[in-house]
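To be precise, the following lines are protein-v9.cif, and they hold mmCIF, C-alpha atoms (C1' of nucleotides).
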data_target
loop_
_atom_site.label_atom_id
_atom_site.label_comp_id
_atom_site.auth_asym_id
_atom_site.auth_seq_id
_atom_site.Cartn_x
_atom_site.Cartn_y
_atom_site.Cartn_z
CA MET Y 1 -18.47 15.76 -14.78
CA ASN Y 2 -15.83 18.47 -15.16
CA ALA Y 3 -12.38 18.66 -13.64
CA GLY Y 4 -13.48 20.72 -10.64
CA GLN Y 5 -16.07 18.18 -9.62
CA VAL Y 6 -13.57 15.36 -9.93
CA LEU Y 7 -11.23 17.37 -7.75
CA ASP Y 8 -13.93 17.70 -5.12
CA VAL Y 9 -14.66 14.00 -5.16
CA ALA Y 10 -10.99 13.10 -4.90
CA MET Y 11 -10.37 15.64 -2.17
CA ASN Y 12 -13.16 14.32 0.00
CA ALA Y 13 -12.10 10.73 -0.60
CA TYR Y 14 -8.49 11.48 0.34
CA TRP Y 15 -9.63 13.61 3.22
CA GLN Y 16 -12.05 11.18 4.77
CA SER Y 17 -9.73 8.19 4.77
CA ASP Y 18 -6.11 8.68 3.67
CA PRO Y 19 -4.46 9.44 0.34
CA ALA Y 20 -2.48 6.20 0.57
CA ASP Y 21 -5.66 4.16 0.97
CA VAL Y 22 -7.60 5.52 -2.00
CA SER Y 23 -6.68 4.22 -5.45
CA VAL Y 24 -7.19 6.04 -8.73
CA ASN Y 25 -9.56 3.24 -9.69
CA ALA Y 26 -11.72 4.05 -6.68
CA ILE Y 27 -11.70 7.76 -7.47
CA CYS Y 28 -12.75 7.14 -11.06
CA GLN Y 29 -15.59 4.97 -9.82
CA MET Y 30 -16.71 7.53 -7.24
CA ALA Y 31 -16.49 10.40 -9.71
CA GLY Y 32 -18.18 8.40 -12.45
CA ILE Y 33 -15.45 9.02 -14.99
CA SER Y 34 -13.18 6.70 -16.92
CA LYS Y 35 -9.58 6.16 -16.03
CA PRO Y 36 -8.27 7.55 -19.32
CA SER Y 37 -10.27 10.72 -18.70
CA LEU Y 38 -8.66 11.18 -15.32
CA TYR Y 39 -5.20 10.59 -16.74
CA ARG Y 40 -5.85 13.02 -19.58
CA GLU Y 41 -6.86 15.66 -17.06
CA PHE Y 42 -4.20 15.18 -14.39
CA GLY Y 43 -1.42 13.24 -16.09
CA SER Y 44 -0.67 10.90 -13.22
CA GLU Y 45 -1.66 10.00 -9.70
CA ASP Y 46 0.95 12.46 -8.52
CA GLY Y 47 -0.62 15.18 -10.66
CA LEU Y 48 -4.03 14.40 -9.23
CA SER Y 49 -2.93 14.46 -5.60
CA ARG Y 50 -1.02 17.65 -6.23
CA ALA Y 51 -4.10 19.30 -7.73
CA VAL Y 52 -6.16 18.02 -4.81
CA LEU Y 53 -3.70 19.50 -2.35
CA ASP Y 54 -3.81 22.87 -4.10
CA HIS Y 55 -7.59 22.70 -4.07
CA TYR Y 56 -7.56 21.91 -0.36
CA ALA Y 57 -5.13 24.69 0.37
CA GLU Y 58 -7.22 27.41 -1.20
CA GLN Y 59 -10.47 26.03 0.11
CA VAL Y 60 -9.60 25.06 3.69
CA LEU Y 61 -6.10 26.05 4.71
CA SER Y 62 -6.69 29.61 3.54
CA GLU Y 63 -9.12 30.00 6.44
CA MET Y 64 -6.45 29.05 8.92
CA PHE Y 65 -4.06 31.53 7.37
CA ALA Y 66 -6.79 34.17 7.58
CA VAL Y 67 -7.15 33.54 11.30
CA LEU Y 68 -3.41 33.98 11.77
CA HIS Y 69 -3.33 37.21 9.77
CA GLY Y 70 -6.55 38.52 11.30
CA GLY Y 71 -4.72 40.73 13.79
CA GLN Y 72 -7.08 39.78 16.60
CA GLY Y 73 -4.41 39.68 19.26
CA LEU Y 74 -2.70 36.77 20.96
CA HIS Y 75 -5.51 35.45 23.17
CA LYS Y 76 -8.27 35.67 20.60
CA THR Y 77 -6.17 34.15 17.86
CA LEU Y 78 -5.02 31.23 19.99
CA ASP Y 79 -8.61 30.64 21.05
CA ALA Y 80 -9.71 30.72 17.42
CA LEU Y 81 -7.03 28.16 16.54
CA ILE Y 82 -8.16 25.91 19.38
CA ASP Y 83 -11.78 26.26 18.31
CA PHE Y 84 -10.83 25.38 14.76
CA ALA Y 85 -8.97 22.27 15.86
CA CYS Y 86 -11.56 21.07 18.36
CA ASP Y 87 -14.93 22.18 17.03
CA ASP Y 88 -14.82 22.85 13.29
CA PRO Y 89 -16.86 20.03 11.76
CA ARG Y 90 -14.60 19.97 8.74
CA MET Y 91 -11.71 18.80 10.91
CA GLU Y 92 -13.69 15.88 12.30
CA THR Y 93 -11.84 13.43 10.08
CA GLY Y 94 -8.56 15.28 10.34
CA CYS Y 95 -6.71 17.67 8.09
CA LEU Y 96 -5.84 16.45 4.63
CA PHE Y 97 -2.64 18.43 4.62
CA TYR Y 98 -1.43 16.86 7.84
CA LYS Y 99 -2.37 13.44 6.57
CA MET Y 100 -0.32 14.03 3.45
CA ARG Y 101 2.58 15.37 5.48
CA ALA Y 102 2.50 12.36 7.79
CA GLY Y 103 2.66 10.00 4.79
CA LYS Y 104 4.96 12.20 2.75
CA HIS Y 105 7.24 9.37 1.68
CA ARG Y 106 4.31 7.69 -0.05
CA LEU Y 107 3.51 10.70 -2.23
CA GLY Y 108 4.78 11.51 -5.69
CA SER Y 109 7.45 14.14 -6.17
CA GLN Y 110 5.14 16.97 -7.23
CA THR Y 111 2.80 16.50 -4.31
CA ARG Y 112 5.66 16.08 -1.89
CA ALA Y 113 7.19 19.34 -3.06
CA ARG Y 114 3.86 21.13 -2.57
CA VAL Y 115 3.60 19.71 0.93
CA ASP Y 116 6.97 21.17 1.76
CA GLU Y 117 6.02 24.54 0.29
CA ILE Y 118 2.79 24.71 2.26
CA ASP Y 119 4.57 23.58 5.40
CA ALA Y 120 7.07 26.39 5.03
CA ALA Y 121 4.30 28.90 4.36
CA ALA Y 122 2.43 27.76 7.45
CA GLN Y 123 5.51 28.10 9.62
CA GLY Y 124 6.02 31.56 8.18
CA ALA Y 125 2.47 32.54 9.03
CA TYR Y 126 2.81 31.24 12.58
CA ALA Y 127 6.10 33.08 12.93
CA ALA Y 128 4.64 36.36 11.64
CA PHE Y 129 1.77 36.04 14.07
CA LEU Y 130 4.07 35.41 17.02
CA GLN Y 131 6.41 38.21 15.97
CA SER Y 132 3.43 40.54 15.92
CA SER Y 133 2.39 39.36 19.37
CA LEU Y 134 5.93 39.97 20.54
CA ASP Y 135 5.94 43.48 19.07
CA HIS Y 136 2.67 44.28 20.80
CA GLY Y 137 3.99 43.04 24.11
CA GLU Y 138 1.38 40.31 24.35
CA TRP Y 139 3.96 37.56 24.41
CA GLN Y 140 7.07 37.61 26.54
CA GLY Y 141 9.13 35.60 24.11
CA GLY Y 142 12.04 33.93 25.82
CA MET Y 143 12.75 31.66 22.88
CA PRO Y 144 13.40 32.09 19.15
CA VAL Y 145 10.28 33.03 17.22
CA ALA Y 146 10.90 30.30 14.64
CA ALA Y 147 11.07 27.60 17.31
CA ALA Y 148 7.92 28.87 18.98
CA ALA Y 149 6.16 28.98 15.60
CA LYS Y 150 7.10 25.39 14.92
CA TYR Y 151 5.89 24.40 18.38
CA LEU Y 152 2.57 26.18 17.90
CA GLY Y 153 2.00 24.61 14.50
CA GLU Y 154 2.82 21.13 15.69
CA GLN Y 155 0.51 21.43 18.67
CA ILE Y 156 -2.38 22.41 16.41
CA ALA Y 157 -1.55 19.51 14.11
CA LEU Y 158 -1.42 17.15 17.07
CA GLY Y 159 -4.78 18.32 18.34
CA ILE Y 160 -6.47 17.89 14.98
CA THR Y 161 -4.91 14.47 14.49
CA GLN Y 162 -5.95 13.29 17.93
CA ARG Y 163 -9.49 14.44 17.39
CA ALA Y 164 -9.56 12.63 14.05
CA SER Y 165 -8.44 9.44 15.77
CA GLY Y 166 -11.51 9.48 17.96
CA GLU Y 167 -10.33 11.38 21.00
CA ASP Y 168 -12.97 13.27 22.92
CA PRO Y 169 -12.94 16.88 21.61
CA ALA Y 170 -13.27 18.20 25.14
CA ARG Y 171 -10.08 16.41 26.16
CA VAL Y 172 -8.32 17.58 23.02
CA ARG Y 173 -9.29 21.11 23.97
CA GLU Y 174 -7.97 20.52 27.46
CA MET Y 175 -4.61 19.34 26.15
CA LEU Y 176 -4.35 22.03 23.50
CA THR Y 177 -5.16 24.72 26.03
CA LEU Y 178 -2.45 23.34 28.28
CA ALA Y 179 0.08 23.19 25.46
CA LEU Y 180 -0.62 26.77 24.36
CA SER Y 181 -0.72 28.12 27.90
CA VAL Y 182 3.03 28.59 27.60
CA PHE Y 183 2.31 31.59 25.38
CA THR Y 184 -0.11 33.34 27.68
CA ARG Y 185 1.36 32.98 31.13
CA SER Y 186 2.80 36.22 32.36
CA MET G 1 17.97 -18.83 10.84
CA ASN G 2 15.68 -19.35 13.84
CA ALA G 3 12.48 -17.53 14.74
CA GLY G 4 14.19 -15.03 16.99
CA GLN G 5 16.57 -13.92 14.29
CA VAL G 6 13.72 -13.54 11.83
CA LEU G 7 11.92 -11.46 14.44
CA ASP G 8 14.95 -9.21 14.74
CA VAL G 9 15.23 -8.75 11.01
CA ALA G 10 11.54 -7.99 10.67
CA MET G 11 11.56 -5.62 13.62
CA ASN G 12 14.43 -3.59 12.25
CA ALA G 13 12.88 -3.50 8.78
CA TYR G 14 9.54 -2.33 10.14
CA TRP G 15 11.27 0.06 12.48
CA GLN G 16 13.55 1.69 9.98
CA SER G 17 10.91 2.41 7.36
CA ASP G 18 7.28 1.63 8.20
CA PRO G 19 5.33 -1.58 8.69
CA ALA G 20 3.02 -0.65 5.82
CA ASP G 21 5.96 -0.28 3.46
CA VAL G 22 7.65 -3.61 4.11
CA SER G 23 6.15 -6.70 2.49
CA VAL G 24 6.46 -10.25 3.75
CA ASN G 25 8.35 -11.02 0.55
CA ALA G 26 10.93 -8.41 1.45
CA ILE G 27 11.27 -9.75 4.98
CA CYS G 28 11.76 -13.30 3.71
CA GLN G 29 14.47 -12.06 1.38
CA MET G 30 16.22 -10.02 4.09
CA ALA G 31 16.02 -12.86 6.60
CA GLY G 32 17.11 -15.44 4.02
CA ILE G 33 14.18 -17.73 4.67
CA SER G 34 11.42 -19.03 2.46
CA LYS G 35 7.91 -17.71 2.54
CA PRO G 36 6.38 -21.02 3.66
CA SER G 37 8.82 -21.09 6.57
CA LEU G 38 7.72 -17.67 7.68
CA TYR G 39 4.06 -18.60 7.42
CA ARG G 40 4.62 -21.84 9.31
CA GLU G 41 6.27 -19.86 12.10
CA PHE G 42 3.91 -16.88 12.34
CA GLY G 43 0.73 -17.96 10.56
CA SER G 44 0.07 -14.72 8.77
CA GLU G 45 1.39 -11.21 8.24
CA ASP G 46 -0.74 -10.16 11.16
CA GLY G 47 0.85 -12.85 13.32
CA LEU G 48 4.30 -11.68 12.30
CA SER G 49 3.68 -8.02 13.00
CA ARG G 50 2.09 -8.92 16.31
CA ALA G 51 5.13 -10.97 17.28
CA VAL G 52 7.38 -8.13 16.17
CA LEU G 53 5.44 -5.68 18.28
CA ASP G 54 5.73 -7.94 21.33
CA HIS G 55 9.45 -8.28 20.67
CA TYR G 56 9.79 -4.53 20.41
CA ALA G 57 7.79 -3.98 23.58
CA GLU G 58 9.98 -6.17 25.73
CA GLN G 59 13.18 -5.01 24.13
CA VAL G 60 12.66 -1.25 23.80
CA LEU G 61 9.45 -0.03 25.39
CA SER G 62 10.30 -1.80 28.62
CA GLU G 63 13.11 0.71 29.10
CA MET G 64 10.67 3.59 28.87
CA PHE G 65 8.42 1.93 31.41
CA ALA G 66 11.43 1.42 33.64
CA VAL G 67 12.19 5.15 33.51
CA LEU G 68 8.62 5.95 34.52
CA HIS G 69 8.68 3.48 37.40
CA GLY G 70 12.17 4.43 38.48
CA GLY G 71 10.97 6.73 41.24
CA GLN G 72 13.55 9.37 40.40
CA GLY G 73 11.24 12.29 41.03
CA LEU G 74 9.46 14.61 38.63
CA HIS G 75 12.35 16.66 37.28
CA LYS G 76 14.75 13.81 36.74
CA THR G 77 12.16 11.59 35.15
CA LEU G 78 10.96 14.26 32.75
CA ASP G 79 14.58 14.99 31.83
CA ALA G 80 15.18 11.29 31.25
CA LEU G 81 12.14 11.14 28.97
CA ILE G 82 13.35 14.14 27.03
CA ASP G 83 16.82 12.62 26.74
CA PHE G 84 15.33 9.39 25.50
CA ALA G 85 13.28 11.16 22.84
CA CYS G 86 16.02 13.51 21.69
CA ASP G 87 19.29 11.64 22.12
CA ASP G 88 18.77 7.90 22.28
CA PRO G 89 20.27 6.61 19.02
CA ARG G 90 17.62 3.92 18.83
CA MET G 91 14.94 6.55 18.37
CA GLU G 92 16.71 8.13 15.44
CA THR G 93 14.32 6.55 12.97
CA GLY G 94 11.34 6.89 15.28
CA CYS G 95 9.51 4.52 17.56
CA LEU G 96 8.05 1.40 15.98
CA PHE G 97 5.13 1.44 18.36
CA TYR G 98 4.17 4.97 17.42
CA LYS G 99 4.53 4.13 13.75
CA MET G 100 2.18 1.21 14.19
CA ARG G 101 -0.25 3.31 16.19
CA ALA G 102 -0.24 6.03 13.53
CA GLY G 103 -1.05 3.47 10.82
CA LYS G 104 -3.31 1.37 13.02
CA HIS G 105 -6.03 1.00 10.39
CA ARG G 106 -3.56 -0.76 8.11
CA LEU G 107 -2.69 -3.44 10.66
CA GLY G 108 -4.29 -6.83 11.15
CA SER G 109 -6.66 -7.41 14.01
CA GLN G 110 -4.19 -9.15 16.33
CA THR G 111 -1.57 -6.45 15.96
CA ARG G 112 -4.14 -3.70 16.29
CA ALA G 113 -5.40 -5.20 19.53
CA ARG G 114 -1.85 -5.35 20.91
CA VAL G 115 -1.31 -1.73 19.95
CA ASP G 116 -4.37 -0.76 21.96
CA GLU G 117 -3.21 -2.82 24.92
CA ILE G 118 0.23 -1.27 24.92
CA ASP G 119 -1.24 2.19 24.49
CA ALA G 120 -3.43 1.66 27.53
CA ALA G 121 -0.50 0.31 29.52
CA ALA G 122 1.60 3.34 28.59
CA GLN G 123 -1.11 5.74 29.64
CA GLY G 124 -1.40 3.85 32.90
CA ALA G 125 2.33 4.14 33.50
CA TYR G 126 2.31 7.86 32.77
CA ALA G 127 -0.68 8.29 35.06
CA ALA G 128 0.96 6.36 37.90
CA PHE G 129 4.08 8.47 37.53
CA LEU G 130 2.11 11.71 37.65
CA GLN G 131 0.01 10.50 40.56
CA SER G 132 3.20 9.76 42.45
CA SER G 133 4.53 13.23 41.64
CA LEU G 134 1.28 14.67 42.88
CA ASP G 135 1.49 12.69 46.10
CA HIS G 136 5.02 13.90 46.71
CA GLY G 137 4.00 17.49 46.13
CA GLU G 138 6.31 17.86 43.13
CA TRP G 139 3.44 18.62 40.77
CA GLN G 140 0.67 21.06 41.53
CA GLY G 141 -1.92 19.19 39.51
CA GLY G 142 -4.75 21.46 38.50
CA MET G 143 -6.09 19.01 35.97
CA PRO G 144 -7.18 15.35 35.95
CA VAL G 145 -4.24 12.96 36.18
CA ALA G 146 -5.52 10.94 33.22
CA ALA G 147 -5.65 14.01 30.98
CA ALA G 148 -2.17 15.08 32.03
CA ALA G 149 -0.88 11.55 31.42
CA LYS G 150 -2.31 11.56 27.92
CA TYR G 151 -0.77 14.97 27.29
CA LEU G 152 2.62 13.84 28.50
CA GLY G 153 2.58 10.69 26.41
CA GLU G 154 1.52 12.49 23.28
CA GLN G 155 4.22 15.10 23.68
CA ILE G 156 6.88 12.42 23.93
CA ALA G 157 5.42 10.70 20.88
CA LEU G 158 5.41 13.99 19.00
CA GLY G 159 9.02 14.68 19.87
CA ILE G 160 10.19 11.27 18.76
CA THR G 161 8.19 11.49 15.54
CA GLN G 162 9.54 14.93 14.72
CA ARG G 163 13.09 13.82 15.31
CA ALA G 164 12.51 10.83 13.05
CA SER G 165 11.27 13.13 10.31
CA GLY G 166 14.60 14.93 10.26
CA GLU G 167 14.05 17.73 12.71
CA ASP G 168 17.14 19.03 14.49
CA PRO G 169 17.34 17.18 17.84
CA ALA G 170 18.27 20.41 19.59
CA ARG G 171 15.07 22.04 18.40
CA VAL G 172 13.04 18.99 19.35
CA ARG G 173 14.53 19.26 22.81
CA GLU G 174 13.63 22.91 22.90
CA MET G 175 10.01 22.19 22.01
CA LEU G 176 9.71 19.20 24.29
CA THR G 177 11.15 21.18 27.19
CA LEU G 178 8.61 23.90 26.51
CA ALA G 179 5.74 21.44 26.30
CA LEU G 180 6.70 19.72 29.56
CA SER G 181 7.42 22.99 31.38
CA VAL G 182 3.75 23.05 32.29
CA PHE G 183 4.49 20.31 34.82
CA THR G 184 7.40 22.01 36.55
CA ARG G 185 6.41 25.65 36.87
CA SER G 186 5.52 26.50 40.42
"C1'" DA J 1 23.23 -47.29 2.97
"C1'" DG J 2 18.33 -46.80 2.66
"C1'" DA J 3 13.83 -45.42 4.25
"C1'" DT J 4 11.44 -41.64 6.30
"C1'" DA J 5 10.29 -37.19 7.95
"C1'" DA J 6 11.06 -32.36 7.92
"C1'" DA J 7 12.25 -28.25 5.69
"C1'" DA J 8 13.03 -25.56 1.92
"C1'" DA J 9 12.76 -23.65 -2.95
"C1'" DT J 10 9.94 -22.78 -6.52
"C1'" DA J 11 6.07 -21.86 -8.83
"C1'" DC J 12 1.71 -20.71 -8.58
"C1'" DC J 13 -3.09 -18.52 -7.12
"C1'" DG J 14 -6.44 -14.73 -7.13
"C1'" DG J 15 -6.52 -9.97 -6.39
"C1'" DT J 16 -5.03 -5.12 -6.75
"C1'" DT J 17 -2.03 -1.47 -8.24
"C1'" DA J 18 -0.77 2.51 -11.74
"C1'" DG J 19 -0.95 3.29 -16.28
"C1'" DT J 20 -2.20 2.55 -21.47
"C1'" DA J 21 -3.82 0.70 -26.10
"C1'" DT J 22 -7.79 -0.14 -28.49
"C1'" DA J 23 -12.25 -0.14 -29.97
"C1'" DA J 24 -16.91 1.59 -29.54
"C1'" DA J 25 -19.93 5.38 -28.99
"C1'" DA J 26 -21.30 9.94 -28.73
"C1'" DT J 27 -20.67 14.51 -30.24
"C1'" DG J 28 -19.97 18.24 -33.52
"C1'" DA J 29 -19.19 20.38 -38.16
"C1'" DT J 30 -20.10 20.72 -42.83
"C1'" DA B 1 -26.86 12.89 -43.45
"C1'" DT B 2 -22.07 11.99 -43.58
"C1'" DC B 3 -17.65 12.67 -42.05
"C1'" DA B 4 -14.26 13.88 -38.41
"C1'" DT B 5 -13.09 14.48 -33.73
"C1'" DT B 6 -13.39 13.66 -29.14
"C1'" DT B 7 -14.78 11.11 -25.25
"C1'" DT B 8 -15.83 7.01 -23.45
"C1'" DA B 9 -15.78 2.07 -21.96
"C1'" DT B 10 -13.34 -1.95 -22.02
"C1'" DA B 11 -9.54 -4.67 -21.90
"C1'" DC B 12 -5.02 -5.11 -21.21
"C1'" DT B 13 -0.01 -4.75 -19.34
"C1'" DA B 14 3.59 -5.59 -15.97
"C1'" DA B 15 4.47 -5.50 -11.28
"C1'" DC B 16 3.38 -6.40 -6.75
"C1'" DC B 17 0.54 -8.08 -2.84
"C1'" DG B 18 -0.67 -12.00 0.82
"C1'" DG B 19 -1.01 -16.69 0.92
"C1'" DT B 20 -0.49 -21.74 -0.61
"C1'" DA B 21 0.29 -26.20 -3.22
"C1'" DT B 22 3.86 -28.85 -5.11
"C1'" DT B 23 8.20 -30.51 -5.65
"C1'" DT B 24 12.91 -30.81 -4.46
"C1'" DT B 25 16.39 -30.90 -1.21
"C1'" DT B 26 18.14 -31.79 3.30
"C1'" DA B 27 18.49 -34.05 7.54
"C1'" DT B 28 17.42 -37.85 10.74
"C1'" DC B 29 16.86 -42.48 12.22
"C1'" DT B 30 17.30 -47.44 11.80
#
Any chance you could put this one into structure tokens?
Amino acid sequence: MNAGQVLDVAMNAYWQSDPADVSVNAICQMAGISKPSLYREFGSEDGLSRAVLDHYAEQVLSEMFAVLHGGQGLHKTLDALIDFACDDPRMETGCLFYKMRAGKHRLGSQTRARVDEIDAAAQGAYAAFLQSSLDHGEWQGGMPVAAAAKYLGEQIALGITQRASGEDPARVREMLTLALSVFTRS
Amino acid sequence: MNAGQVLDVAMNAYWQSDPADVSVNAICQMAGISKPSLYREFGSEDGLSRAVLDHYAEQVLSEMFAVLHGGQGLHKTLDALIDFACDDPRMETGCLFYKMRAGKHRLGSQTRARVDEIDAAAQGAYAAFLQSSLDHGEWQGGMPVAAAAKYLGEQIALGITQRASGEDPARVREMLTLALSVFTRS
DNA sequence: AGATAAAAATACCGGTTAGTATAAAATGAT
DNA sequence: ATCATTTTATACTAACCGGTATTTTTATCT
């Protein structure tokens, strides 16, 4: 059982329930490794959750960034975001990043810092996407790009979180479509 | 130190940080009472948090319900909700009910049941408000009242939560105004 | 004042947490 | 095969959790 496999086990455990509800003991048991081995590999619980977050970022979040940078235009990109939030089976139990962000105060300093970095990167990606839409005349603007980017990101986060809490995906789609309609009305 | 005072201490402790991060030991210490006293009064941690939630509902949430039932019309009521979320000093550290709802799986069964009851009552209040707006021709509808009520409630919750996490109240207002503009555009 | 009942303080229980020291076992090199 | 190194399992620490049993203090009533 190498480090990458342990990372996968920990990621899925954190992802399915909540980082705050999964102990290092439980992860060792699930991964079939000893506690000293885990601590030799990751140093601390904070080191582990930080590594898990990095793993999650390059394995899952990268897809969301790819959608934003895909240059598919305003409508198609918003639809793709809505599809991702409402239909992607991987988001059925929520987004690990949003779970970590929601319980940020319970994380160690390393992991918390990474959360902030990723949050800033996500806002930047949303902002670049909206700026591009503005430049192409697809979006009328009317408010600062940064504020709109924050709004867009939070709506996606809200949709994913609601779906993870058992809300009917069709209703989530309904609400998300309504929330994002502010970008596409002429 | 009577039960009501203990309830106040516990409510503010839960409210300021998070119910999951405040132990009964800490509450006993803050309230200056012994642990057996607390258990004699409330039976269990679940009983305490349930009592705190009831206390919070009749002391704080009742005001929000009053706004919804005030019959002030669509615009004024939405503005009042936005004001409450963005400016009410009591919401500076968030809404205890939303904190409990977000960490529902960590609550005892009694408290969890109360959370569900209050959530249903809130959705009902939002729905009644929107139905009234529809009847008065202030809102064009175009979607099921229940879905719109859910949307409205979640947007308020999002605004309050964002403000509690340190977001600039002016920006929260900006986003909330944008999110609720879907109800007031002709 | 003295007996009695209520309340409180204290200490304790079993369990779980993150993290580590130690000892046993498996691996690898010569 | 024997020695050295590394990994492992196990056991442990100290702190905290929710909850309780016991004892001490306080208050009340006659």
Quick one: which residues from chain B are at most 10 Å off chain Y, using all atoms listed in the file, as a short mmCIF file (atom, residue, chain, number, x, y, z; two decimals) with C-alpha atoms (C1' of nucleotides), keeping the file's coordinate frame?
data_model
loop_
_atom_site.label_atom_id
_atom_site.label_comp_id
_atom_site.auth_asym_id
_atom_site.auth_seq_id
_atom_site.Cartn_x
_atom_site.Cartn_y
_atom_site.Cartn_z
"C1'" DT B 7 -14.78 11.11 -25.25
"C1'" DT B 8 -15.83 7.01 -23.45
"C1'" DA B 9 -15.78 2.07 -21.96
#
Restricting the calculation to all atoms listed in the file, which member of G:Gly137, G:Gly103, G:Gly43, G:Gly70 is positioned closest to chain Y?
->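 Once distances to chain Y are computed over all atoms listed in the file, the minimum belongs to G:Gly103.
Atom pair CA of Phe183 (chain Y) / CA of Gln123 (chain Y): separated by 16.5 Å.
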Would you write out, as an MDAnalysis selection string, every residue that the PyMOL selection byres ((chain J) within 12 of (chain Y)) captures in this file?
-> chainID J and resid 16:22
May I have the residues within 10 Å of DT22 (chain B) as a list of chain:residue names, using only C-alpha atoms (C1' of nucleotides) and disregarding those fewer than 5 positions away in the same chain?
-> J:DT10, J:DA11, J:DC12
Expected file contents, prior selection, C-alpha atoms (C1' of nucleotides), as a compact mmCIF listing (two decimals), keeping the file's coordinate frame:
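The result, stored in out-v8.txt:
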# COMPACT_ATOMS: atom_id res chain seq x y z
C1' DT J 10 9.94 -22.78 -6.52
C1' DA J 11 6.07 -21.86 -8.83
C1' DC J 12 1.71 -20.71 -8.58
Evaluate the PyMOL selection byres ((chain Y) within 12 of (chain G)) here and jot the selected residues down as number ranges by chain.
-> Y: 17-18, 20-21, 99, 101-106, 141-159, 161-162, 164-165, 167-168, 170-185
Starting from the shown file, work through the PyMOL selection byres ((chain J and resi 29) around 9) and note down what comes out as a PyMOL selection string.
-> (chain J and resi 28+30) or (chain B and resi 3-4)
Write out as a list in words which residues come within 10 Å of DA5 (chain J) when counting only C-alpha atoms (C1' of nucleotides), dropping same-chain ones fewer than 4 positions away.
-> DA27, DT28 and DC29 of chain B
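Separating CA of Ala10 (chain G) from CA of Val52 (chain G) is a distance of 6.9 Å.
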CA of Gln72 (chain G) to CA of Ser132 (chain G), straight-line distance in Å =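 Pair CA of Ser132 (chain G) / CA of Gln72 (chain G) returns 10.6 Å.
Here the question is which of Y:Leu130, Y:Leu74, Y:Ala51, Y:Ala66 gets nearest to Arg112 (chain Y) using all atoms listed in the file, and that residue is Y:Ala51.
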Return as lines of an AutoDock Vina configuration file the centre and edge lengths, in Å with one decimal, of the box along x, y and z that encloses every atom of region 13-23 of chain B in the file, padded by 4 Å per side.
center_x = 3.6
center_y = -17.6
center_z = -9.2
size_x = 17.2
size_y = 33.8
size_z = 28.3
Within 7 Å of Thr111 (chain Y), counting only C-alpha atoms (C1' of nucleotides), which residues qualify if same-chain residues fewer than 6 places away don't, as a PyMOL selection string?
-> chain Y and resi 46+49-50
Determine, counting only C-alpha atoms (C1' of nucleotides), which protein, DNA and RNA residues have an atom within 8 Å of an atom of Ala125 (chain Y); residues of the same chain fewer than 6 positions away are not included. Present the result as a ChimeraX atom specification.
-> /Y:65,68-69
Could you list as a PyMOL selection string every residue that has an atom within 6 Å of (11.7, -29.1, 3.1), using the file's coordinates and counting only C-alpha atoms (C1' of nucleotides)?
-> chain J and resi 6-8
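Closest approach to DT4 (chain J) from the set B:DT24, B:DT6, B:DT30, B:DA14 is made by B:DT30, with distances taken over all atoms listed in the file.
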